[in-house]
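*Asks:* Sharing a structure here in structure tokens format.
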Amino acid sequence: MVNKLKTWICSILMPCTVGVFIGSAVERWMDHRNHPGLYEMNSAPWYTQIMANAVLTALLLLLEAALYLLFRHVAKKRQEPKK
């Protein structure tokens, strides 16, 4: 029961992580579109923060996927009949 709950939580967290990334990327793009002068003062392009967030999101998704697979593996091991 506990492992099913853990896998369910992990399967909910992964799409939420992607949704937060997409939302923040759209917000950054809309802010750049509405206030381009603020981003011209920086030496880096306006999308640099989006790229940094994409790397962090990918790492977080890898961690969540690894936990999901680990919980599924443990659940299957517990369900197997012992010989």
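To be explicit about the labels: the chains of the structure tokens are called A, B, and onward in the order shown, and within each one the residues are counted from 1, while ligands get numbers from 1 in the order they are shown.
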What's around segment 36-52 of chain A at 9 Å? Count only C-alpha atoms, leave out sequence neighbours fewer than 6 positions away in its own chain, and write the answer as a PyMOL selection string.
*Replies:* chain A and resi 21+24-25+28-29
*Asks:* For those residues, write N, CA and C atoms to a file as an mmCIF file, in the first residue's frame.
*Replies:*
```cif
data_model
loop_
_atom_site.group_PDB
_atom_site.id
_atom_site.type_symbol
_atom_site.label_atom_id
_atom_site.label_comp_id
_atom_site.auth_asym_id
_atom_site.auth_seq_id
_atom_site.Cartn_x
_atom_site.Cartn_y
_atom_site.Cartn_z
ATOM 1 N N PHE A 21 7.685 24.296 -15.099
ATOM 2 C CA PHE A 21 8.703 24.792 -16.024
ATOM 3 C C PHE A 21 8.066 25.519 -17.199
ATOM 4 N N SER A 24 6.697 28.915 -16.055
ATOM 5 C CA SER A 24 7.733 29.923 -15.814
ATOM 6 C C SER A 24 8.379 30.379 -17.118
ATOM 7 N N ALA A 25 8.528 29.464 -18.084
ATOM 8 C CA ALA A 25 9.103 29.848 -19.377
ATOM 9 C C ALA A 25 8.168 30.787 -20.132
ATOM 10 N N ARG A 28 8.336 34.210 -18.479
ATOM 11 C CA ARG A 28 9.567 34.922 -18.837
ATOM 12 C C ARG A 28 9.469 35.466 -20.260
ATOM 13 N N TRP A 29 8.933 34.673 -21.173
ATOM 14 C CA TRP A 29 8.782 35.117 -22.561
ATOM 15 C C TRP A 29 7.816 36.301 -22.659
#
```
*Asks:* Name the residues of chain A that fall into alpha helix (DSSP H) according to DSSP on the backbone, using the chain letters and numbers of this document, as number ranges by chain.
*Replies:* A: 2-34, 36-40, 48-79
*Asks:* Between A:Val26, A:Leu67, A:Val74, A:Ala54, which is the closest to Ser11 of chain A once you count only C-alpha atoms?
*Replies:*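 Result for the nearest residue to Ser11 of chain A: A:Leu67.
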*Asks:* I'd like the interatomic distance between atom CA of Leu59 of chain A and atom CA of Arg33 of chain A, to a tenth of an Å.
*Replies:*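 According to the coordinates, atom CA of Leu59 of chain A and atom CA of Arg33 of chain A are separated by 28.2 Å.
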*Asks:* Using only C-alpha atoms, which residues sit within 12 Å of Ile9 of chain A once same-chain residues fewer than 4 positions away are excluded, as a ChimeraX atom specification?
*Replies:* /A:2-5,13-16,64-65,67-68,71
*Asks:* Could you turn the residues from that selection into a file that holds C-alpha atoms, as a PDB file, in the first residue's frame?
*Replies:*
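Listed below is the output, again_13.pdb:
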```
ATOM      1  CA  VAL A   2       2.766   2.425   0.918  1.00  0.00           C
ATOM      2  CA  ASN A   3       4.693   1.716  -2.288  1.00  0.00           C
ATOM      3  CA  LYS A   4       1.569   2.275  -4.389  1.00  0.00           C
ATOM      4  CA  LEU A   5       1.150   5.638  -2.708  1.00  0.00           C
ATOM      5  CA  LEU A  13       5.018  15.039  -9.411  1.00  0.00           C
ATOM      6  CA  MET A  14       6.573  14.528 -12.840  1.00  0.00           C
ATOM      7  CA  PRO A  15       3.835  16.273 -14.882  1.00  0.00           C
ATOM      8  CA  CYS A  16       3.612  18.989 -12.225  1.00  0.00           C
ATOM      9  CA  GLU A  64      11.781  11.720  -9.904  1.00  0.00           C
ATOM     10  CA  ALA A  65      11.879   9.044 -12.608  1.00  0.00           C
ATOM     11  CA  LEU A  67      12.536   7.234  -7.548  1.00  0.00           C
ATOM     12  CA  TYR A  68       9.453   6.105  -9.452  1.00  0.00           C
ATOM     13  CA  PHE A  71       9.486   2.252  -5.880  1.00  0.00           C
TER      14      PHE A  71
END
```
*Asks:* When you count only C-alpha atoms, which of these residues is closest to Val55 of chain A: A:Val18, A:Ile12, A:Glu27, A:Thr7?
*Replies:*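 The shortest atom-to-atom distance to Val55 of chain A comes from A:Val18.
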*Asks:* List the spatial neighbours of Leu63 of chain A as a count of residues only - criterion: any atom at most 12 Å away, only C-alpha atoms, same-chain residues fewer than 5 positions off excluded.
*Replies:* 10
*Asks:* Could you tell me how far atom CA of Asn53 of chain A sits from atom CA of Trp8 of chain A, in Å to one decimal place?
*Replies:* 25.1 Å
*Asks:* Please, what distance in Å, to one decimal, runs between atom CA of His73 of chain A and atom CA of Gly19 of chain A?
*Replies:* 26.6 Å
